[in-house]
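work.cif follows; it contains mmCIF, C-alpha atoms (C1' of nucleotides).
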```cif
data_structure
loop_
_atom_site.label_atom_id
_atom_site.label_comp_id
_atom_site.auth_asym_id
_atom_site.auth_seq_id
_atom_site.Cartn_x
_atom_site.Cartn_y
_atom_site.Cartn_z
CA MET A 1 55.31 10.77 -38.65
CA GLN A 2 56.36 10.53 -34.99
CA GLN A 3 57.17 14.20 -35.06
CA LYS A 4 53.58 14.99 -36.05
CA LEU A 5 52.24 13.17 -33.03
CA ARG A 6 54.76 14.78 -30.72
CA GLU A 7 54.02 18.28 -31.93
CA HIS A 8 50.32 17.62 -31.60
CA ILE A 9 50.63 16.52 -27.98
CA GLU A 10 53.10 19.27 -27.11
CA LYS A 11 50.59 21.92 -28.13
CA ILE A 12 49.01 21.02 -24.80
CA VAL A 13 51.66 19.32 -22.63
CA PRO A 14 55.44 19.53 -23.14
CA LEU A 15 57.22 16.18 -23.02
CA THR A 16 60.78 15.07 -22.35
CA ASP A 17 62.35 12.66 -24.84
CA ASP A 18 61.91 9.83 -22.38
CA GLU A 19 58.29 10.70 -21.84
CA PHE A 20 57.62 10.81 -25.55
CA ALA A 21 59.34 7.44 -25.98
CA PHE A 22 57.00 6.09 -23.32
CA VAL A 23 54.00 7.60 -25.10
CA LEU A 24 55.08 6.25 -28.45
CA SER A 25 55.49 2.74 -27.10
CA HIS A 26 51.72 2.59 -26.64
CA PHE A 27 50.91 3.36 -30.26
CA THR A 28 51.13 1.41 -33.48
CA THR A 29 50.94 2.92 -36.95
CA LYS A 30 49.00 1.86 -39.99
CA SER A 31 48.30 3.02 -43.53
CA TYR A 32 44.99 2.68 -45.30
CA LYS A 33 43.98 3.13 -48.92
CA LYS A 34 41.05 5.21 -50.13
CA ARG A 35 37.72 3.42 -49.51
CA GLU A 36 39.22 1.06 -46.89
CA PHE A 37 37.47 0.70 -43.53
CA LEU A 38 39.15 1.28 -40.17
CA ILE A 39 35.99 0.37 -38.31
CA ARG A 40 33.01 -1.59 -39.58
CA GLU A 41 29.57 -1.40 -38.04
CA GLY A 42 28.90 -4.53 -35.99
CA ASN A 43 32.56 -5.33 -35.36
CA SER A 44 34.49 -4.62 -32.19
CA VAL A 45 36.39 -1.34 -31.98
CA LYS A 46 40.00 -2.03 -31.10
CA TYR A 47 41.49 1.43 -31.53
CA ALA A 48 41.10 5.14 -31.37
CA TYR A 49 42.94 6.75 -34.28
CA PHE A 50 45.08 9.83 -34.65
CA VAL A 51 45.14 10.99 -38.26
CA VAL A 52 48.62 11.93 -39.44
CA SER A 53 47.63 12.51 -43.06
CA GLY A 54 44.62 11.82 -45.21
CA LEU A 55 40.92 12.06 -44.51
CA LEU A 56 38.35 9.83 -42.81
CA MET A 57 34.61 9.89 -42.42
CA LEU A 58 32.54 8.49 -39.56
CA ILE A 59 29.32 7.01 -40.93
CA TYR A 60 26.06 5.89 -39.39
CA ASN A 61 23.74 3.70 -41.45
CA ASN A 62 20.12 3.68 -40.35
CA GLU A 63 17.74 0.70 -40.63
CA SER A 64 16.68 1.58 -44.17
CA GLY A 65 20.30 1.64 -45.30
CA LYS A 66 20.60 5.40 -45.57
CA GLN A 67 24.08 6.72 -44.87
CA HIS A 68 24.67 9.66 -42.52
CA ILE A 69 28.02 11.32 -41.96
CA VAL A 70 28.60 12.00 -38.29
CA SER A 71 31.96 13.62 -38.84
CA PHE A 72 34.99 14.03 -41.02
CA ALA A 73 38.46 13.55 -39.53
CA MET A 74 41.38 15.35 -41.12
CA GLU A 75 45.04 15.69 -40.22
CA ASP A 76 45.62 16.09 -36.46
CA TRP A 77 42.19 14.78 -35.52
CA TRP A 78 41.33 11.90 -33.23
CA GLU A 79 38.53 9.65 -34.35
CA SER A 80 36.80 6.41 -33.49
CA ASP A 81 33.37 5.08 -32.61
CA PHE A 82 34.07 6.37 -29.12
CA LEU A 83 30.96 4.90 -27.54
CA ALA A 84 31.86 1.42 -28.70
CA TYR A 85 35.54 2.02 -27.91
CA HIS A 86 35.05 3.16 -24.34
CA THR A 87 32.32 0.66 -23.47
CA GLN A 88 33.90 -2.20 -25.41
CA THR A 89 30.74 -2.89 -27.35
CA LYS A 90 30.10 -3.48 -31.04
CA ALA A 91 30.45 -0.53 -33.40
CA THR A 92 27.23 1.18 -34.44
CA MET A 93 29.17 3.34 -36.89
CA SER A 94 31.81 2.79 -39.55
CA LEU A 95 35.03 4.67 -40.13
CA GLN A 96 36.18 4.83 -43.74
CA CYS A 97 38.93 6.48 -45.77
CA LEU A 98 38.11 9.24 -48.22
CA GLU A 99 41.79 9.46 -49.13
CA ASP A 100 44.86 7.33 -48.52
CA THR A 101 45.43 7.84 -44.81
CA ASP A 102 48.19 7.28 -42.23
CA VAL A 103 47.16 6.88 -38.60
CA PHE A 104 48.46 6.13 -35.14
CA CYS A 105 46.40 3.47 -33.39
CA LEU A 106 45.76 3.40 -29.64
CA SER A 107 44.03 0.44 -28.01
CA LEU A 108 41.81 1.02 -24.98
CA GLU A 109 44.25 -0.86 -22.81
CA ASP A 110 47.15 1.28 -23.98
CA TYR A 111 45.04 4.39 -23.53
CA GLN A 112 44.36 3.45 -19.93
CA GLN A 113 47.98 2.54 -19.24
CA LEU A 114 49.11 5.78 -20.80
CA CYS A 115 46.75 7.81 -18.63
CA ALA A 116 47.71 5.91 -15.50
CA GLY A 117 51.43 6.02 -16.21
CA LEU A 118 51.80 9.64 -17.21
CA GLN A 119 49.47 12.23 -15.74
CA LYS A 120 50.40 14.66 -18.49
CA MET A 121 48.71 12.36 -20.97
CA GLU A 122 45.56 12.06 -18.90
CA HIS A 123 45.55 15.83 -18.86
CA PHE A 124 46.08 15.90 -22.62
CA PHE A 125 43.13 13.58 -23.23
CA LEU A 126 40.98 15.59 -20.82
CA ARG A 127 41.65 18.72 -22.83
CA LYS A 128 40.87 16.88 -26.07
CA ALA A 129 37.66 15.42 -24.66
CA ASN A 130 36.50 18.84 -23.46
CA ALA A 131 37.24 20.31 -26.86
CA GLY A 132 35.34 17.48 -28.51
CA HIS A 133 32.35 18.03 -26.27
CA ILE A 134 32.33 21.76 -26.95
CA GLY A 135 32.69 21.18 -30.69
CA SER A 136 29.76 18.78 -30.76
CA GLN A 137 27.65 21.25 -28.82
CA GLN A 138 28.42 23.93 -31.42
CA ARG A 139 27.22 21.56 -34.11
CA ILE A 140 24.00 20.92 -32.18
CA LEU A 141 23.58 24.69 -31.97
CA SER A 142 23.90 24.97 -35.73
CA PHE A 143 21.05 22.48 -36.14
CA LEU A 144 18.90 24.41 -33.66
CA THR A 145 19.53 27.90 -34.95
CA SER A 146 20.30 27.59 -38.65
CA ASN A 147 18.62 26.39 -41.80
CA ALA A 148 20.34 24.31 -44.44
CA LYS A 149 21.80 27.29 -46.28
CA GLU A 150 23.30 28.83 -43.15
CA ARG A 151 24.77 25.52 -42.04
CA TYR A 152 26.29 25.15 -45.48
CA GLU A 153 27.89 28.60 -45.30
CA GLN A 154 29.23 27.98 -41.80
CA LEU A 155 30.84 24.75 -42.95
CA LEU A 156 32.30 26.44 -46.02
CA LYS A 157 33.78 29.15 -43.85
CA ARG A 158 35.17 26.84 -41.19
CA TYR A 159 36.55 24.02 -43.33
CA PRO A 160 37.01 25.39 -46.85
CA SER A 161 39.42 22.57 -47.74
CA LEU A 162 36.65 19.99 -47.41
CA PHE A 163 34.99 21.39 -50.52
CA GLN A 164 38.01 20.46 -52.59
CA ARG A 165 38.45 17.06 -51.01
CA VAL A 166 34.97 15.64 -50.54
CA PRO A 167 32.07 15.02 -52.97
CA LYS A 168 29.16 17.38 -52.42
CA SER A 169 26.82 14.47 -51.76
CA LEU A 170 28.83 13.63 -48.64
CA LEU A 171 28.87 17.23 -47.46
CA ALA A 172 25.08 17.18 -47.85
CA SER A 173 24.91 14.10 -45.68
CA TYR A 174 27.06 15.79 -43.02
CA LEU A 175 24.81 18.85 -43.09
CA GLY A 176 21.65 16.77 -42.84
CA VAL A 177 20.15 17.72 -46.20
CA SER A 178 19.64 15.88 -49.47
CA ARG A 179 22.28 16.26 -52.18
CA GLU A 180 19.69 17.92 -54.42
CA THR A 181 18.94 20.57 -51.83
CA LEU A 182 22.63 21.27 -51.28
CA SER A 183 23.12 21.60 -55.01
CA ARG A 184 20.38 24.23 -55.14
CA LEU A 185 21.73 26.08 -52.10
CA ALA A 186 25.19 26.45 -53.55
CA ARG A 187 24.03 29.06 -56.07
CA MET B 1 24.08 17.54 -0.09
CA GLN B 2 27.77 16.62 0.27
CA GLN B 3 26.78 12.98 0.21
CA LYS B 4 25.18 13.45 -3.22
CA LEU B 5 28.42 14.81 -4.66
CA ARG B 6 30.47 12.08 -3.06
CA GLU B 7 28.26 9.30 -4.35
CA HIS B 8 28.31 10.85 -7.79
CA ILE B 9 32.11 10.93 -7.89
CA GLU B 10 32.47 7.49 -6.35
CA LYS B 11 30.46 5.94 -9.15
CA ILE B 12 33.69 6.43 -11.08
CA VAL B 13 36.55 6.78 -8.56
CA PRO B 14 36.46 5.67 -4.91
CA LEU B 15 37.73 8.28 -2.45
CA THR B 16 39.08 8.17 1.07
CA ASP B 17 37.56 10.57 3.61
CA ASP B 18 40.64 12.75 3.37
CA GLU B 19 40.50 12.82 -0.39
CA PHE B 20 36.84 13.78 -0.36
CA ALA B 21 37.56 16.54 2.16
CA PHE B 22 40.19 17.83 -0.26
CA VAL B 23 37.73 17.66 -3.14
CA LEU B 24 35.02 19.40 -1.17
CA SER B 25 37.32 22.25 -0.20
CA HIS B 26 37.35 23.32 -3.87
CA PHE B 27 33.59 23.67 -4.14
CA THR B 28 31.10 26.18 -2.87
CA THR B 29 27.34 25.68 -2.75
CA LYS B 30 24.51 27.90 -3.79
CA SER B 31 20.74 27.85 -4.06
CA TYR B 32 18.75 29.50 -6.82
CA LYS B 33 15.06 30.21 -7.21
CA LYS B 34 13.00 29.37 -10.29
CA ARG B 35 13.70 31.80 -13.16
CA GLU B 36 17.01 32.99 -11.65
CA PHE B 37 20.10 33.00 -13.87
CA LEU B 38 23.34 31.19 -13.00
CA ILE B 39 25.00 32.47 -16.18
CA ARG B 40 23.98 35.42 -18.32
CA GLU B 41 24.97 35.81 -21.96
CA GLY B 42 27.72 38.40 -22.23
CA ASN B 43 28.97 38.02 -18.67
CA SER B 44 32.02 36.07 -17.59
CA VAL B 45 31.54 32.45 -16.57
CA LYS B 46 33.00 31.89 -13.13
CA TYR B 47 31.81 28.38 -12.44
CA ALA B 48 30.90 24.97 -13.69
CA TYR B 49 27.90 23.66 -11.78
CA PHE B 50 26.94 20.28 -10.38
CA VAL B 51 23.18 20.04 -9.93
CA VAL B 52 22.20 18.48 -6.60
CA SER B 53 18.48 19.08 -6.99
CA GLY B 54 16.26 21.07 -9.31
CA LEU B 55 16.41 21.69 -13.03
CA LEU B 56 18.36 24.06 -15.28
CA MET B 57 18.26 24.94 -18.95
CA LEU B 58 21.14 26.14 -21.13
CA ILE B 59 19.86 28.72 -23.60
CA TYR B 60 21.25 30.30 -26.74
CA ASN B 61 19.61 33.47 -28.07
CA ASN B 62 20.23 34.21 -31.73
CA GLU B 63 20.50 37.70 -33.25
CA SER B 64 16.77 37.99 -33.83
CA GLY B 65 16.12 37.22 -30.17
CA LYS B 66 14.84 33.69 -30.70
CA GLN B 67 15.57 31.35 -27.81
CA HIS B 68 17.06 27.90 -28.36
CA ILE B 69 17.52 25.30 -25.66
CA VAL B 70 20.90 23.64 -25.94
CA SER B 71 20.35 21.33 -23.01
CA PHE B 72 18.51 20.65 -19.80
CA ALA B 73 20.47 19.79 -16.66
CA MET B 74 18.79 17.70 -13.99
CA GLU B 75 20.00 16.15 -10.74
CA ASP B 76 23.53 14.73 -10.98
CA TRP B 77 24.39 16.67 -14.13
CA TRP B 78 27.26 19.03 -14.71
CA GLU B 79 26.49 22.18 -16.65
CA SER B 80 28.02 25.47 -17.71
CA ASP B 81 28.81 27.44 -20.83
CA PHE B 82 31.86 25.22 -21.11
CA LEU B 83 33.40 27.06 -24.04
CA ALA B 84 33.36 30.36 -22.14
CA TYR B 85 34.38 28.60 -18.92
CA HIS B 86 37.42 26.83 -20.32
CA THR B 87 38.60 29.67 -22.51
CA GLN B 88 37.74 32.39 -19.97
CA THR B 89 35.72 34.35 -22.47
CA LYS B 90 32.28 35.95 -22.23
CA ALA B 91 29.26 33.66 -22.16
CA THR B 92 27.42 33.19 -25.44
CA MET B 93 24.72 31.22 -23.64
CA SER B 94 22.65 31.66 -20.51
CA LEU B 95 21.95 29.14 -17.75
CA GLN B 96 18.61 29.54 -16.04
CA CYS B 97 16.55 27.73 -13.40
CA LEU B 98 13.34 25.97 -14.38
CA GLU B 99 12.85 24.98 -10.74
CA ASP B 100 14.39 25.97 -7.42
CA THR B 101 17.85 24.46 -7.69
CA ASP B 102 20.78 23.59 -5.41
CA VAL B 103 24.23 23.39 -6.98
CA PHE B 104 27.90 22.91 -6.20
CA CYS B 105 30.06 25.57 -7.88
CA LEU B 106 33.57 24.91 -9.18
CA SER B 107 35.74 27.75 -10.43
CA LEU B 108 38.20 27.10 -13.26
CA GLU B 109 41.08 27.67 -10.88
CA ASP B 110 39.71 25.16 -8.40
CA TYR B 111 39.03 22.73 -11.23
CA GLN B 112 42.66 22.94 -12.32
CA GLN B 113 43.98 22.64 -8.79
CA LEU B 114 41.73 19.68 -8.17
CA CYS B 115 42.98 17.92 -11.29
CA ALA B 116 46.60 18.69 -10.52
CA GLY B 117 46.32 17.74 -6.86
CA LEU B 118 44.42 14.49 -7.17
CA GLN B 119 44.82 12.37 -10.28
CA LYS B 120 41.65 10.48 -9.44
CA MET B 121 39.73 13.70 -10.06
CA GLU B 122 41.40 14.35 -13.38
CA HIS B 123 40.40 10.82 -14.27
CA PHE B 124 36.86 11.50 -13.09
CA PHE B 125 36.57 14.60 -15.24
CA LEU B 126 38.06 12.77 -18.22
CA ARG B 127 35.34 10.14 -17.93
CA LYS B 128 32.68 12.83 -17.64
CA ALA B 129 34.05 14.73 -20.63
CA ASN B 130 34.12 11.60 -22.76
CA ALA B 131 30.55 10.82 -21.76
CA GLY B 132 29.54 14.36 -22.61
CA HIS B 133 31.17 14.16 -26.02
CA ILE B 134 29.50 10.84 -26.77
CA GLY B 135 26.13 12.16 -25.60
CA SER B 136 26.38 15.22 -27.82
CA GLN B 137 27.29 13.04 -30.77
CA GLN B 138 24.18 10.95 -30.17
CA ARG B 139 22.12 14.12 -30.25
CA ILE B 140 23.75 15.14 -33.55
CA LEU B 141 22.86 11.70 -34.87
CA SER B 142 19.23 12.23 -33.91
CA PHE B 143 19.18 15.42 -35.99
CA LEU B 144 20.76 13.61 -38.94
CA THR B 145 18.64 10.49 -38.92
CA SER B 146 15.30 11.43 -37.41
CA ASN B 147 12.41 13.74 -38.14
CA ALA B 148 10.67 15.83 -35.51
CA LYS B 149 8.27 13.08 -34.44
CA GLU B 150 11.02 10.52 -33.98
CA ARG B 151 13.16 12.95 -32.01
CA TYR B 152 10.15 13.69 -29.83
CA GLU B 153 9.58 10.01 -29.13
CA GLN B 154 13.25 9.40 -28.36
CA LEU B 155 13.22 12.25 -25.86
CA LEU B 156 9.99 11.00 -24.29
CA LYS B 157 11.49 7.55 -23.89
CA ARG B 158 14.82 8.71 -22.53
CA TYR B 159 13.72 11.48 -20.17
CA PRO B 160 10.04 10.90 -19.39
CA SER B 161 10.24 13.10 -16.29
CA LEU B 162 10.94 16.18 -18.40
CA PHE B 163 7.40 16.06 -19.74
CA GLN B 164 6.01 16.65 -16.27
CA ARG B 165 8.54 19.30 -15.34
CA VAL B 166 8.97 21.46 -18.44
CA PRO B 167 6.51 23.42 -20.64
CA LYS B 168 6.03 21.85 -24.06
CA SER B 169 7.18 25.02 -25.75
CA LEU B 170 10.63 24.53 -24.20
CA LEU B 171 10.74 20.88 -25.22
CA ALA B 172 9.94 22.03 -28.75
CA SER B 173 12.85 24.44 -28.60
CA TYR B 174 15.16 21.64 -27.42
CA LEU B 175 13.99 19.41 -30.27
CA GLY B 176 14.41 22.15 -32.85
CA VAL B 177 10.77 22.45 -33.93
CA SER B 178 8.07 25.06 -33.39
CA ARG B 179 5.74 24.63 -30.43
CA GLU B 180 2.81 24.28 -32.83
CA THR B 181 4.45 21.38 -34.65
CA LEU B 182 5.25 19.65 -31.37
CA SER B 183 1.66 20.09 -30.25
CA ARG B 184 0.46 18.37 -33.42
CA LEU B 185 3.02 15.57 -33.12
CA ALA B 186 1.98 14.65 -29.61
CA ARG B 187 -1.30 13.15 -30.77
"C1'" DT C 1 -10.93 36.35 -4.99
"C1'" DT C 2 -10.03 38.62 -9.07
"C1'" DT C 3 -7.19 39.69 -12.85
"C1'" DA C 4 -3.42 39.28 -15.79
"C1'" DA C 5 -0.10 36.29 -17.86
"C1'" DA C 6 1.46 31.97 -19.51
"C1'" DT C 7 0.50 27.68 -21.73
"C1'" DT C 8 -1.60 24.85 -25.05
"C1'" DG C 9 -4.38 23.41 -29.07
"C1'" DT C 10 -5.80 24.07 -33.80
"C1'" DG C 11 -7.06 25.96 -38.46
"C1'" DA C 12 -5.28 28.30 -42.67
"C1'" DT C 13 -1.56 29.24 -45.46
"C1'" DG C 14 3.25 29.71 -47.20
"C1'" DT C 15 8.06 28.11 -47.24
"C1'" DT C 16 11.53 24.77 -47.03
"C1'" DT C 17 13.11 20.48 -48.02
"C1'" DG C 18 12.78 15.60 -49.74
"C1'" DT C 19 11.91 12.39 -53.44
"C1'" DC C 20 11.79 10.83 -58.08
"C1'" DA C 21 13.23 11.33 -62.63
"C1'" DC C 22 16.28 12.61 -66.11
"C1'" DG C 23 20.39 14.40 -68.57
"C1'" DC C 24 25.20 15.55 -68.92
"C1'" DA C 25 30.19 15.60 -68.06
"C1'" DG C 26 34.55 13.52 -66.63
"C1'" DG C 27 37.74 9.80 -65.34
"C1'" DG C 28 39.53 5.21 -64.62
"C1'" DG C 29 39.58 0.40 -65.95
"C1'" DA C 30 38.80 -3.48 -69.49
"C1'" DT D 1 39.50 3.34 -77.36
"C1'" DC D 2 35.23 2.56 -75.40
"C1'" DC D 3 32.28 2.15 -71.65
"C1'" DC D 4 30.53 2.35 -67.24
"C1'" DC D 5 30.40 4.41 -62.95
"C1'" DT D 6 30.34 8.45 -60.16
"C1'" DG D 7 29.31 13.09 -59.39
"C1'" DC D 8 26.50 16.95 -60.22
"C1'" DG D 9 22.66 19.84 -61.73
"C1'" DT D 10 17.71 20.61 -62.29
"C1'" DG D 11 12.55 20.22 -63.08
"C1'" DA D 12 8.12 18.54 -61.05
"C1'" DC D 13 5.70 17.27 -57.33
"C1'" DA D 14 4.82 15.73 -52.41
"C1'" DA D 15 5.74 15.90 -47.54
"C1'" DA D 16 7.33 18.20 -43.48
"C1'" DC D 17 7.45 22.09 -40.99
"C1'" DA D 18 7.03 27.27 -39.86
"C1'" DT D 19 4.26 31.14 -39.24
"C1'" DC D 20 0.18 33.77 -38.14
"C1'" DA D 21 -4.11 34.13 -35.93
"C1'" DC D 22 -7.33 33.06 -32.47
"C1'" DA D 23 -9.56 30.62 -28.65
"C1'" DA D 24 -9.62 27.91 -24.43
"C1'" DT D 25 -7.49 26.64 -20.27
"C1'" DT D 26 -4.38 26.80 -16.52
"C1'" DT D 27 -1.29 29.21 -13.50
"C1'" DA D 28 0.42 32.91 -10.96
"C1'" DA D 29 0.23 37.34 -9.19
"C1'" DA D 30 -2.22 41.45 -7.15
#
```
Have the structure of the file written as structure tokens, please.
Amino acid sequence: MQQKLREHIEKIVPLTDDEFAFVLSHFTTKSYKKREFLIREGNSVKYAYFVVSGLLMLIYNNESGKQHIVSFAMEDWWESDFLAYHTQTKATMSLQCLEDTDVFCLSLEDYQQLCAGLQKMEHFFLRKANAGHIGSQQRILSFLTSNAKERYEQLLKRYPSLFQRVPKSLLASYLGVSRETLSRLAR
Amino acid sequence: MQQKLREHIEKIVPLTDDEFAFVLSHFTTKSYKKREFLIREGNSVKYAYFVVSGLLMLIYNNESGKQHIVSFAMEDWWESDFLAYHTQTKATMSLQCLEDTDVFCLSLEDYQQLCAGLQKMEHFFLRKANAGHIGSQQRILSFLTSNAKERYEQLLKRYPSLFQRVPKSLLASYLGVSRETLSRLAR
DNA sequence: TTTAAATTGTGATGTTTGTCACGCAGGGGA
DNA sequence: TCCCCTGCGTGACAAACATCACAATTTAAA
């Protein structure tokens, strides 16, 4: 499990054993069962999570109780309600397991100490944040340029494993269409 | 003009005069006229831009030549085709002036030297990148949860000045609806 | 000033997508 | 074993939105 985290970080910044020990001392680990919540809307957001194994979904519920999937988080992904995390406000989204999931947990305080204590890690998080920004912008682009069918095909192409692991109704929610429409598209 | 950049950075990290001189030495400045391009699709992306005054739009043109506005960049915003910038690949988007615009230009090399040479600046960019990621995610949420009229009203509320500065047809493109639909919504 | 181009509004019509309703199949718990 | 819940497909209809066409107005250029 530690090895997974180390390899993930070392894709961007190489670490000595001592440095990795320092990094590791800022994390805790936790296991969750399918359907458990890591973050609940309205609660405070203590951690950002690194997914070692399993699958999470980040959910936004609007006033009328309709559920929208903001993102899925698979192995090697970082996830949280980052707005609430960084600003220390109440969560507006929920983070829930779609499968049994193992994560590393990083509190905001530990995140800040890690960045301050080891510039390599600040650099690592900068690279991750840039990648996250670019990825979100690509998703915005797909909403601007593509209809439901095209978005569906792009998702299928990019993350084929999701179609084995996630109910179609949730994929529909991620794509921003009704489950009925998705069902008709997939022909 | 320098003062604008300094104040912008110091909202996040305070700088000594020497530090700011170091920062400044990595930037160049440039002025563009309305309708000029800072980045053209297909060309290399030399710089990320900090907008001192004026207004830019980031545009994606799909295969059939239809123009989609990915974002507007006003005073105090950073903008570029960040994917092409960070990966040193050809631009897939264009960056064009909607008004006469003054910018600071930062090459990738200078960006990296700045981050390596002054941890405060790496921290500054990390904060900016996180904010950018969160902002994009909010925009994704608006596509998932809101119809055209609601997105229009959210934009009006958040950036009222845009409605004086930008043709409605471009706002429509940013919102992902046709200009005719936007025209009918605005009643 | 005159002329051309860009911007905006609006009607008519077609397409896409959402909503409601129903049926069917499969799997896990009592 | 039985049953209920979840997931999935599909028909009928309504709502949202795109597209095409045209006119009026404003802006910018010659």
Quick one: which residues end up in the PyMOL selection byres ((chain C and resi 25) around 9) for this structure, as JSON, numbers by chain?
-> {"C": [24, 26], "D": [8]}
Specify as an mmCIF file with C-alpha atoms (C1' of nucleotides), in the frame of the given file each residue included when the PyMOL selection byres ((chain C and resi 13) around 10) is applied to this file.
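Everything below was put into out.cif:
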```cif
data_model
loop_
_atom_site.group_PDB
_atom_site.id
_atom_site.type_symbol
_atom_site.label_atom_id
_atom_site.label_comp_id
_atom_site.auth_asym_id
_atom_site.auth_seq_id
_atom_site.Cartn_x
_atom_site.Cartn_y
_atom_site.Cartn_z
ATOM 1 C "C1'" DG C 11 -7.060 25.960 -38.460
ATOM 2 C "C1'" DA C 12 -5.280 28.300 -42.670
ATOM 3 C "C1'" DG C 14 3.250 29.710 -47.200
ATOM 4 C "C1'" DT C 15 8.060 28.110 -47.240
ATOM 5 C "C1'" DT D 19 4.260 31.140 -39.240
ATOM 6 C "C1'" DC D 20 0.180 33.770 -38.140
#
```
Which is closest to Gln138 of chain B among A:Thr89, A:Met121, A:Glu153, A:Leu83, if we use all atoms listed in the file?
->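 Looking only at the distances to Gln138 of chain B, the closest residue turns out to be A:Leu83.
In plain terms, chain D touches chain B through DA16, DC17, DA18 and DT19 of chain D, where touching means an atom at most 10 Å away, counting all atoms listed in the file.
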At a cut-off of 10 Å, list the chain B residues touching chain C, using all atoms listed in the file, as a list in words.
->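 Interface list for chain B against chain C: Pro167, Lys168, Ser169, Arg179, Glu180, Ser183 and Arg184 of chain B.
The residues of chain B lying at most 7 Å from chain A, with all atoms listed in the file taken into account, are His68, Val70, Phe82, Leu83, Leu126, Ala129, Asn130, Gly132, His133, Ile134, Ser136, Gln137, Ile140, Leu141, Leu144 and Gly176 of chain B.
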Measure the distance from atom CA of Tyr32 of chain A to atom CA of Gln164 of chain A in Å and round it to one decimal.
-> 20.4 Å
By how many Å are atom CA of Gln2 of chain A and atom CA of Gln96 of chain A apart?
-> 22.7 Å
Surrounding residues of Asp100 of chain A excluding itself and chain neighbours under 5 positions, 7 Å, only C-alpha atoms (C1' of nucleotides), as JSON, numbers by chain | {"A": [32, 33, 34, 54]}
